[in-house]
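**Q** Below is one structure. I have some questions about it.
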Number of protein chains: 2
Amino acid sequence: MTVSRVLNGKKGVRPETRKRVLKAIEETGYIPNSLARSFTLQKTKTIGLVIADITNPFFTTLARGVENIAAKNQFSVIFCSTDEDREKEALYLEILVRKRVDGIILAPATQKGDSLKSILIKRIPIVLVDRELKSPKNLDLDIVKGDSVYGAYILTKHLLSLGHRRIGIVVGSREISTAEERVQGYKEALIEMGIPVEESLIKFSSYSEEGGYTATKELLQMRERPTAIFGGNNFITVGAITAIKEAELRIPHDVALVSFGDIDFLSQIYPFFTVVTQPAYSMGVIAAELLIRKIEGRDKVKEKREVVLKPELVIRESAGELLTKEVRAKEFCSA
Amino acid sequence: MTVSRVLNGKKGVRPETRKRVLKAIEETGYIPNSLARSFTLQKTKTIGLVIADITNPFFTTLARGVENIAAKNQFSVIFCSTDEDREKEALYLEILVRKRVDGIILAPATQKGDSLKSILIKRIPIVLVDRELKSPKNLDLDIVKGDSVYGAYILTKHLLSLGHRRIGIVVGSREISTAEERVQGYKEALIEMGIPVEESLIKFSSYSEEGGYTATKELLQMRERPTAIFGGNNFITVGAITAIKEAELRIPHDVALVSFGDIDFLSQIYPFFTVVTQPAYSMGVIAAELLIRKIEGRDKVKEKREVVLKPELVIRESAGELLTKEVRAKEFCSA
DNA sequence: TTGAAAGCGCTAACAA
DNA sequence: TTGTTAGCGCTTTCAA
């Protein structure tokens, strides 16, 4: 007991005794067992972070934000990559509940929150990031997300302002809220300009290179090919580039290409792609702060909290911006 | 007790009883507490992965390999980013020991293994990845790494074969084994060609963009500027590019640039940089498999295991390969 | 086939 | 200021 008091820095221990305890700890190489501690205290100082893929720079940056805030508050983080697979997601969530994490940050793989049952039962605090949940109704989980509708809207408007009228869009699965929202923003921009929405130009695929590649290929094979393509996330855009190169088309001369979400190393070194960027790191930071406040009961607010971060349009060259200014646009990747 | 038997699928339970137990579990929404389980069993089914930065695609890919193997064996992974900071590393290792992880995969931030004390005391299995430990002597930890000496050697030889004679090299801190090894490989190639090693062309900096930027700037400001630069890892190369652009020099016309470690999205889309690549995913997979075997006592071998993976030279254009073939090389990033 | 006892290492509550 | 008791939820051992 006295040892416990010393380790937890509690008062009521004679300095002399404290010293003796410390010495004994030193000599025996004793290391406290936080498993036992968590077990009795009923809290683990651990949060779970469930995202699609730790290989995706967007999530990785977000994760970094989470980790930094967690560390600052003496929390550990368990990372889980779902690969957008609802079964993996359900499995990971179950494991996290079993491990009795104090809270969970989740970018759900589907809009249906059926895998959340056990978490809700156990009343484990949870914060969504990046993606909404549609059901169960009235779930009202806190969320930190980017404004996908708005981002897609300004990106599409940008293409329209450059004269594009047939714009293809490739997004992730319908199961994911951002996919629907990005398509919605795209549609709003078209409608505002009085341009009819053509469903065949809208591809719900998957947020992966493979998805971007396949869908783009289909778009390029249409009888009346789009003059511009909207990549729904970084992976999709990379896949789209591959498809465009394969078709021996040039960006932006033959097809313009813009991306929702920046393409990390590439854009940094070679600022060519016109994109809308999201503040991934901030999303992680805010989500973690929110979660920890909830865990520690410092969040008095009862209603659903919704933090929506505005994305930013970064105009570069991949949509033919220079072309329209009567300047010969640089050409990308023309091998 | 009977519940325990049912949950663990042990025999010796009447089918009828089993059914009743399952029903009760269903009804009450019971979820086992793996904390308690780990506590009594003295194993957590968790491994710790301690790396420099989950934002670095190299480590991220490696992490993915670890995670996949872990999941396959019902292990969870706790990720820790040290930022190459030995204090953070020591702190994270301490936390992992307290959490009684079953094993640790570590890419050490320094060659001195002083932060490993508690792990060794507790006899927690550990596998190093990517980087060696120099001390304590005779520690003989298992390791899975790339062959940095060889990789740097072939990359340097490639530059030499293209006619470069003054080659600058920027690597990470001397504290990190790969930095020393890459410099060693570089030297070996020079010596083999009878070219004197000039110490001022060798920059031990840090494995970061900032490090690459600063050191490259210094190299470019030398009275007799190198004709080629060897970036010690992906981050360093990116920083080097920035410095080169800032100096208004062209790659490869004015300076050739090669990289140890590929530059993910960039190279994939725009295969321009000549690099040596490492099989990061495999490193993660092998390390995790090795560790889990050790944890489960299936690894009979007593001696130190050392798995060294050969890196691969990928020749592209950033070293002026096309120039020397009397073809006008493409120019990179000339705004 | 089922159940009771004991103990894993810790801390809250209380007692000395 | 220090120490004792009890209990967190599980599994191992042993008894019924």
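Identifiers in the structure tokens: chain A, B, ... in order shown; residue index from 1 per chain; ligand index from 1 in order shown.
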Counting only C-alpha atoms (C1' of nucleotides), which residues of chain B fall within 10 Å of chain C, and what is the closest atom pair for each with its distance in Å at one decimal, ordered by chain and rising number, as a Markdown table?

**A**
| residue | atom | partner | partner_atom | distance |
| --- | --- | --- | --- | --- |
| B:Met1 | CA | C:DG3 | C1' | 7.3 |
| B:Thr2 | CA | C:DT2 | C1' | 7.0 |
| B:Lys11 | CA | C:DT1 | C1' | 9.8 |
| B:Gly12 | CA | C:DT1 | C1' | 6.1 |
| B:Val13 | CA | C:DT1 | C1' | 6.0 |
| B:Arg14 | CA | C:DT1 | C1' | 6.6 |
| B:Thr17 | CA | C:DT1 | C1' | 9.5 |
| B:Ala36 | CA | C:DC8 | C1' | 9.0 |
| B:Arg37 | CA | C:DC8 | C1' | 9.7 |
| B:Ser38 | CA | C:DC8 | C1' | 9.5 |
| B:Phe39 | CA | C:DC8 | C1' | 6.2 |
| B:Thr40 | CA | C:DC8 | C1' | 4.8 |
| B:Leu41 | CA | C:DC8 | C1' | 7.9 |
| B:Gln42 | CA | C:DC8 | C1' | 7.9 |

**Q** Residues at most 8 Å from A:Val171, counting only C-alpha atoms (C1' of nucleotides), excluding those fewer than 5 positions away in the same chain, as number ranges by chain?

**A** A: 179, 182-183, 203-207, 212, 231-233, 236

**Q** Give me, as a list of chain:residue names, the contact residues of chain B against chain A at a cut-off of 7 Å, counting only C-alpha atoms.

**A**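 Close to chain A, chain B has B:Ile31, B:Pro32, B:Asn33, B:Ser34, B:Leu35, B:Ala36, B:Phe39, B:Ile54, B:Thr55, B:Pro57, B:Thr60, B:Thr61, B:Arg64, B:Val77, B:Ile78, B:Phe79, B:Arg98, B:Lys99, B:Arg100, B:Val238, B:Phe265, B:Leu266, B:Ile269, B:Tyr270, B:Cys333.
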
**Q** Hey, what does DSSP flag as alpha helix (DSSP H) within stretch 42-231 of chain B? Can you give it to me as a ChimeraX atom specification?

**A** /B:57-72,86-98,117-121,148-161,177-192,209-220

**Q** If I take atom CA of B:Leu159 and atom CA of B:Ala280, how far is one from the other in Å, to one decimal?

**A**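 About the pair atom CA of B:Leu159 and atom CA of B:Ala280: they are 24.2 Å apart.
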